[in-house]
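S.K.: Structure: start.cif, mmCIF, C-alpha atoms.
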```cif
data_final
loop_
_atom_site.label_atom_id
_atom_site.label_comp_id
_atom_site.auth_asym_id
_atom_site.auth_seq_id
_atom_site.Cartn_x
_atom_site.Cartn_y
_atom_site.Cartn_z
CA MET A 530 -102.07 -21.39 -34.44
CA ILE A 531 -100.49 -21.43 -30.99
CA THR A 532 -99.33 -24.90 -29.99
CA PRO A 533 -100.07 -26.28 -26.51
CA GLU A 534 -96.33 -26.66 -25.87
CA LYS A 535 -95.62 -22.99 -26.64
CA ALA A 536 -98.68 -21.81 -24.73
CA LYS A 537 -97.87 -23.80 -21.59
CA ALA A 538 -94.37 -22.27 -21.45
CA ILE A 539 -95.70 -18.68 -21.37
CA ARG A 540 -95.48 -16.82 -18.05
CA LEU A 541 -95.57 -13.24 -19.40
CA LEU A 542 -97.76 -11.68 -22.09
CA ALA A 543 -96.09 -8.41 -23.09
CA LEU A 544 -98.06 -6.03 -25.27
CA ASP A 545 -97.08 -3.02 -27.30
CA VAL A 546 -99.65 -0.26 -26.72
CA ASP A 547 -100.14 1.95 -29.79
CA GLY A 548 -101.27 -0.22 -32.68
CA VAL A 549 -101.90 -3.30 -30.50
CA LEU A 550 -104.05 -2.10 -27.61
CA THR A 551 -105.19 0.89 -29.66
CA ASP A 552 -105.96 1.44 -33.33
CA ASN A 553 -102.83 3.63 -33.61
CA GLY A 554 -104.91 6.79 -33.49
CA ILE A 555 -104.10 9.58 -31.09
CA TRP A 556 -106.29 12.62 -30.61
CA VAL A 557 -104.39 15.67 -29.36
CA ALA A 558 -106.07 18.94 -28.49
CA PRO A 559 -105.35 22.09 -26.51
CA ILE A 560 -107.87 22.29 -23.67
CA GLU A 561 -107.65 25.37 -21.46
CA GLY A 562 -104.04 25.83 -22.55
CA ASP A 563 -102.97 22.25 -21.79
CA ARG A 564 -102.13 19.52 -24.27
CA VAL A 565 -104.66 16.73 -23.85
CA GLU A 566 -104.29 13.32 -25.49
CA PHE A 567 -107.03 10.77 -26.05
CA LYS A 568 -106.76 7.13 -27.12
CA ARG A 569 -109.37 4.47 -27.80
CA PHE A 570 -108.93 1.10 -26.10
CA ASP A 571 -111.04 -1.96 -26.91
CA ILE A 572 -113.23 -3.20 -24.03
CA GLN A 573 -113.03 -6.84 -25.14
CA ASP A 574 -109.22 -6.62 -25.07
CA GLY A 575 -109.52 -5.36 -21.49
CA LEU A 576 -111.69 -8.28 -20.45
CA GLY A 577 -109.26 -10.65 -22.12
CA MET A 578 -106.49 -9.39 -19.86
CA VAL A 579 -108.76 -9.74 -16.83
CA LEU A 580 -109.41 -13.37 -17.83
CA LEU A 581 -105.67 -14.05 -17.52
CA ARG A 582 -105.79 -13.47 -13.76
CA GLY A 583 -105.27 -16.73 -11.95
CA THR A 584 -103.68 -18.49 -14.94
CA GLY A 585 -100.04 -17.89 -14.08
CA ILE A 586 -99.60 -15.49 -17.00
CA GLU A 587 -98.68 -11.93 -16.04
CA VAL A 588 -99.38 -8.98 -18.33
CA ALA A 589 -96.97 -6.17 -19.17
CA TRP A 590 -97.54 -3.17 -21.41
CA VAL A 591 -94.46 -1.92 -23.24
CA SER A 592 -94.75 1.43 -25.02
CA GLY A 593 -92.23 3.42 -26.99
CA ARG A 594 -93.76 6.68 -25.78
CA HIS A 595 -95.13 8.16 -22.59
CA SER A 596 -98.87 8.75 -22.37
CA GLU A 597 -101.16 9.63 -19.48
CA SER A 598 -104.01 7.92 -21.36
CA THR A 599 -102.02 4.69 -21.31
CA GLU A 600 -101.29 5.08 -17.59
CA LEU A 601 -104.97 5.64 -16.82
CA ARG A 602 -106.13 2.57 -18.76
CA ALA A 603 -103.41 0.38 -17.24
CA ARG A 604 -104.50 1.48 -13.74
CA GLU A 605 -108.16 0.76 -14.54
CA LEU A 606 -107.28 -2.79 -15.64
CA ARG A 607 -104.81 -3.29 -12.76
CA ILE A 608 -102.01 -4.09 -15.21
CA PRO A 609 -99.06 -4.83 -12.91
CA ILE A 610 -96.28 -3.79 -15.31
CA LEU A 611 -96.27 -0.64 -17.43
CA ILE A 612 -93.10 0.34 -19.26
CA GLN A 613 -93.10 3.63 -21.16
CA ASP A 614 -89.79 4.52 -22.77
CA SER A 615 -89.85 7.72 -24.82
CA GLY A 616 -86.89 6.46 -26.86
CA ALA A 617 -88.69 3.21 -27.82
CA ARG A 618 -85.87 1.18 -26.22
CA LYS A 619 -88.08 -1.83 -25.62
CA LEU A 620 -85.43 -4.56 -25.69
CA PRO A 621 -83.33 -3.21 -22.78
CA ALA A 622 -86.52 -2.57 -20.80
CA MET A 623 -87.71 -6.12 -21.40
CA GLU A 624 -84.29 -7.59 -20.54
CA LYS A 625 -84.39 -5.72 -17.23
CA LEU A 626 -87.94 -6.92 -16.55
CA LEU A 627 -87.07 -10.55 -17.29
CA ALA A 628 -84.04 -10.36 -14.98
CA GLU A 629 -86.23 -8.90 -12.19
CA LYS A 630 -88.87 -11.61 -12.67
CA GLY A 631 -86.40 -14.46 -13.16
CA LEU A 632 -87.91 -15.29 -16.55
CA GLU A 633 -86.36 -16.54 -19.77
CA TRP A 634 -87.26 -15.33 -23.26
CA ASP A 635 -88.99 -18.63 -24.10
CA GLN A 636 -91.51 -17.80 -21.36
CA VAL A 637 -92.55 -14.57 -23.09
CA ALA A 638 -95.32 -13.98 -25.61
CA TYR A 639 -94.95 -10.54 -27.17
CA VAL A 640 -97.54 -8.81 -29.35
CA GLY A 641 -96.36 -6.03 -31.65
CA ASP A 642 -97.26 -4.13 -34.79
CA ASP A 643 -94.34 -1.99 -35.93
CA ILE A 644 -90.59 -1.81 -36.46
CA ALA A 645 -89.85 -0.71 -32.87
CA ASP A 646 -91.21 -4.10 -31.74
CA LEU A 647 -88.83 -6.19 -33.88
CA PRO A 648 -85.96 -6.49 -31.35
CA VAL A 649 -88.35 -7.92 -28.74
CA LEU A 650 -90.33 -10.06 -31.18
CA ARG A 651 -87.09 -11.67 -32.41
CA ARG A 652 -86.25 -12.76 -28.84
CA ALA A 653 -89.69 -13.75 -27.54
CA GLY A 654 -90.59 -17.41 -27.25
CA LEU A 655 -93.94 -16.66 -28.85
CA PRO A 656 -93.77 -13.64 -31.20
CA ILE A 657 -97.23 -12.41 -32.24
CA ALA A 658 -98.26 -9.73 -34.74
CA VAL A 659 -101.62 -8.04 -35.08
CA ALA A 660 -103.41 -8.03 -38.44
CA ASN A 661 -102.43 -4.41 -39.07
CA GLY A 662 -98.77 -5.07 -38.27
CA CYS A 663 -96.17 -3.98 -40.79
CA PRO A 664 -94.78 -6.69 -43.11
CA GLU A 665 -91.50 -7.03 -41.16
CA VAL A 666 -93.39 -7.67 -37.92
CA GLN A 667 -95.75 -10.17 -39.50
CA ALA A 668 -92.77 -12.00 -41.05
CA SER A 669 -91.19 -12.30 -37.58
CA ALA A 670 -94.35 -13.63 -35.94
CA ALA A 671 -95.28 -17.22 -35.14
CA PHE A 672 -98.93 -16.14 -34.95
CA VAL A 673 -100.75 -13.28 -36.68
CA THR A 674 -104.17 -12.27 -35.39
CA ALA A 675 -107.19 -11.96 -37.64
CA ALA A 676 -108.22 -8.85 -35.69
CA ARG A 677 -106.55 -5.48 -36.02
CA GLY A 678 -104.88 -3.77 -33.08
CA GLY A 679 -107.40 -1.86 -30.98
CA SER A 680 -110.20 -4.03 -32.35
CA GLY A 681 -110.03 -7.26 -30.37
CA ALA A 682 -106.56 -8.53 -31.32
CA VAL A 683 -105.44 -8.87 -27.69
CA ARG A 684 -108.63 -10.73 -26.78
CA GLU A 685 -107.95 -13.07 -29.71
CA VAL A 686 -104.44 -13.73 -28.38
CA VAL A 687 -105.71 -14.41 -24.85
CA VAL A 688 -108.39 -16.82 -26.10
CA ALA A 689 -105.87 -18.65 -28.31
CA LEU A 690 -103.33 -18.90 -25.47
CA LEU A 691 -105.82 -20.14 -22.90
CA LYS A 692 -107.47 -22.60 -25.27
CA ALA A 693 -104.05 -24.01 -26.25
CA ARG A 694 -103.25 -24.40 -22.53
CA GLY A 695 -106.63 -26.05 -21.88
CA GLU A 696 -107.53 -23.23 -19.46
CA TRP A 697 -110.18 -21.24 -21.34
CA ASP A 698 -113.25 -22.80 -19.67
CA ALA A 699 -111.72 -22.44 -16.19
CA ALA A 700 -110.85 -18.77 -16.84
CA VAL A 701 -114.41 -18.02 -17.96
CA ARG A 702 -115.81 -19.88 -14.95
CA ARG A 703 -113.53 -17.93 -12.57
CA TYR A 704 -114.62 -14.64 -14.12
CA LEU A 705 -118.32 -15.48 -13.95
CA GLU A 706 -118.02 -16.57 -10.31
CA HIS A 707 -116.20 -13.33 -9.53
CA CYS A 708 -119.06 -11.38 -11.12
CA GLY A 709 -121.62 -13.23 -9.01
CA GLY A 710 -122.94 -15.28 -11.91
CA THR A 711 -122.95 -18.99 -12.34
CA ALA A 712 -120.45 -20.84 -14.44
CA ALA A 713 -122.96 -23.44 -15.68
#
```
Here is a file; write its structure as structure tokens.
M.R.:
Amino acid sequence: MITPEKAKAIRLLALDVDGVLTDNGIWVAPIEGDRVEFKRFDIQDGLGMVLLRGTGIEVAWVSGRHSESTELRARELRIPILIQDSGARKLPAMEKLLAEKGLEWDQVAYVGDDIADLPVLRRAGLPIAVANGCPEVQASAAFVTAARGGSGAVREVVVALLKARGEWDAAVRRYLEHCGGTAA
């Protein structure tokens, strides 16, 4: 459970990509002599991140590898911060980001699934693991999702955060109004 106090402190939701936003699967194929990579992203996770707009919580994706598929999906969702470090040096990248944004670690919720996420999870104010996270990650988490990465885990985190902040209904209303529907 995410407490209201923790949730209200959060200004940045940082997400690992492979294993959190995806199911950890990568399809690689040679197409006309070029290496082509495919990933599957969950649509409900995407809408969850859209629902964060207007709440004061920014979203950052932090990946330990470079992927054009990740870049494309981040662009589609208008994710403002995408960090892809081929050496999986997530902690220095996050420290730089926090310095640029003027944020403290207690203002960060971080969602991870594997060992490369541990340095960031151990610093984040709200460390979160997905259901398919390795035991070390789950042991470091304050909250573990019921959903697996790539299967609605990020949406679950967004809903839990916004409900704990008392902002879920307003976020849904804002989204419906944006779509031309009614909030009633």
S.K.: Selected by the PyMOL selection byres ((chain A and resi 674-680) around 8) in the shown coordinates: which residues, as number ranges by chain?
M.R.: A: 548-553, 569-571, 574, 642, 657-661, 672-673, 681-683, 685-686
S.K.: For a test of reading the model, state the distance in Å between atom CA of A:Gly662 and atom CA of A:Ser592, rounded to one decimal.
M.R.: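 Between atom CA of A:Gly662 and atom CA of A:Ser592 the gap works out to 15.3 Å.
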S.K.: I need the residue set behind the PyMOL selection byres ((chain A and resi 694) around 10) for this file; please write it as an mmCIF file with C-alpha atoms, in the coordinates of the input.
M.R.:
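Now in expr_12.cif:
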```cif
data_model
loop_
_atom_site.group_PDB
_atom_site.id
_atom_site.type_symbol
_atom_site.label_atom_id
_atom_site.label_comp_id
_atom_site.auth_asym_id
_atom_site.auth_seq_id
_atom_site.Cartn_x
_atom_site.Cartn_y
_atom_site.Cartn_z
ATOM 1 C CA ILE A 531 -100.490 -21.430 -30.990
ATOM 2 C CA THR A 532 -99.330 -24.900 -29.990
ATOM 3 C CA PRO A 533 -100.070 -26.280 -26.510
ATOM 4 C CA GLU A 534 -96.330 -26.660 -25.870
ATOM 5 C CA LYS A 535 -95.620 -22.990 -26.640
ATOM 6 C CA ALA A 536 -98.680 -21.810 -24.730
ATOM 7 C CA LYS A 537 -97.870 -23.800 -21.590
ATOM 8 C CA ALA A 538 -94.370 -22.270 -21.450
ATOM 9 C CA ILE A 539 -95.700 -18.680 -21.370
ATOM 10 C CA THR A 584 -103.680 -18.490 -14.940
ATOM 11 C CA VAL A 688 -108.390 -16.820 -26.100
ATOM 12 C CA ALA A 689 -105.870 -18.650 -28.310
ATOM 13 C CA LEU A 690 -103.330 -18.900 -25.470
ATOM 14 C CA LEU A 691 -105.820 -20.140 -22.900
ATOM 15 C CA LYS A 692 -107.470 -22.600 -25.270
ATOM 16 C CA ALA A 693 -104.050 -24.010 -26.250
ATOM 17 C CA GLY A 695 -106.630 -26.050 -21.880
ATOM 18 C CA GLU A 696 -107.530 -23.230 -19.460
ATOM 19 C CA TRP A 697 -110.180 -21.240 -21.340
#
```
S.K.: Would you mind telling me which residue in A:Gly585, A:Lys630, A:Gly641, A:Val701 lies nearest to A:Pro664 when using all atoms listed in the file?
M.R.: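 Among the listed residues, A:Gly641 lies closest to A:Pro664.
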S.K.: Just the number, please: distance in Å from atom CA of A:Arg684 to atom CA of A:Gly654, one decimal.
M.R.: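 Here the two named atoms are 19.2 Å from each other.
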S.K.: Go ahead and compute the interatomic distance for atom CA of A:Ala700 and atom CA of A:Leu632, in Å to one decimal.
M.R.: 23.2 Å
S.K.: Return the single residue from A:Ala670, A:Leu544, A:Ala622, A:Ala699 that is closest to A:Ala603, with distances computed using only C-alpha atoms.
M.R.: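 Looking at the shortest contact to A:Ala603, the residue is A:Leu544.
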S.K.: Care to translate the PyMOL selection byres ((chain A and resi 653) around 7) into actual residues of this file, as a JSON list (two decimals) with C-alpha atoms, in the frame of the given file?
M.R.:
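Contents of result-v9.json, as written:
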```
[["chain", "number", "residue", "atom", "x", "y", "z"],
["A", 634, "TRP", "CA", -87.26, -15.33, -23.26],
["A", 635, "ASP", "CA", -88.99, -18.63, -24.10],
["A", 637, "VAL", "CA", -92.55, -14.57, -23.09],
["A", 638, "ALA", "CA", -95.32, -13.98, -25.61],
["A", 639, "TYR", "CA", -94.95, -10.54, -27.17],
["A", 649, "VAL", "CA", -88.35, -7.92, -28.74],
["A", 650, "LEU", "CA", -90.33, -10.06, -31.18],
["A", 651, "ARG", "CA", -87.09, -11.67, -32.41],
["A", 652, "ARG", "CA", -86.25, -12.76, -28.84],
["A", 654, "GLY", "CA", -90.59, -17.41, -27.25],
["A", 655, "LEU", "CA", -93.94, -16.66, -28.85],
["A", 656, "PRO", "CA", -93.77, -13.64, -31.20]]
```
S.K.: Out of A:Arg564, A:Gln573, A:Pro648, A:Leu541, which residue has the shortest atom-to-atom distance to A:Pro609 when counting all atoms listed in the file?
M.R.: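 Smallest distance to A:Pro609 is found for A:Leu541.
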S.K.: Centre and edge lengths, as JSON, for the axis-aligned box enclosing every listed atom of stretch 695-701 of chain A with 3 Å of padding on each of the six sides, in Å to one decimal?
M.R.:
```
{"center_x": -110.5, "center_y": -22.0, "center_z": -19.0, "size_x": 13.8, "size_y": 14.0, "size_z": 11.7}
```
S.K.: Which of these residues is nearest to A:Asp547, using all atoms listed in the file: A:Met578, A:Val640, A:Ala671, A:Ile560?
M.R.: A:Val640
S.K.: Rank nothing, just name the residue among A:Val546, A:Leu581, A:Leu606, A:Val557 nearest to A:Arg702, using only C-alpha atoms.
M.R.: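 The closest residue to A:Arg702 is A:Leu581.
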S.K.: Place a sphere of radius 9 Å on (-106.3, -8.4, -16.1) in the file coordinates and name every protein, DNA or RNA residue with an atom inside or on its surface, counting only C-alpha atoms; give the answer as a VMD selection string.
M.R.: chain A and resid 575 to 582 587 to 588 606 to 609
S.K.: Store the residues of this selection in a file with C-alpha atoms, as an mmCIF file, in the frame of the given file.
M.R.:
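And here's selection-v1.cif as it stands now:
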```cif
data_model
loop_
_atom_site.group_PDB
_atom_site.id
_atom_site.type_symbol
_atom_site.label_atom_id
_atom_site.label_comp_id
_atom_site.auth_asym_id
_atom_site.auth_seq_id
_atom_site.Cartn_x
_atom_site.Cartn_y
_atom_site.Cartn_z
ATOM 1 C CA GLY A 575 -109.520 -5.360 -21.490
ATOM 2 C CA LEU A 576 -111.690 -8.280 -20.450
ATOM 3 C CA GLY A 577 -109.260 -10.650 -22.120
ATOM 4 C CA MET A 578 -106.490 -9.390 -19.860
ATOM 5 C CA VAL A 579 -108.760 -9.740 -16.830
ATOM 6 C CA LEU A 580 -109.410 -13.370 -17.830
ATOM 7 C CA LEU A 581 -105.670 -14.050 -17.520
ATOM 8 C CA ARG A 582 -105.790 -13.470 -13.760
ATOM 9 C CA GLU A 587 -98.680 -11.930 -16.040
ATOM 10 C CA VAL A 588 -99.380 -8.980 -18.330
ATOM 11 C CA LEU A 606 -107.280 -2.790 -15.640
ATOM 12 C CA ARG A 607 -104.810 -3.290 -12.760
ATOM 13 C CA ILE A 608 -102.010 -4.090 -15.210
ATOM 14 C CA PRO A 609 -99.060 -4.830 -12.910
#
```
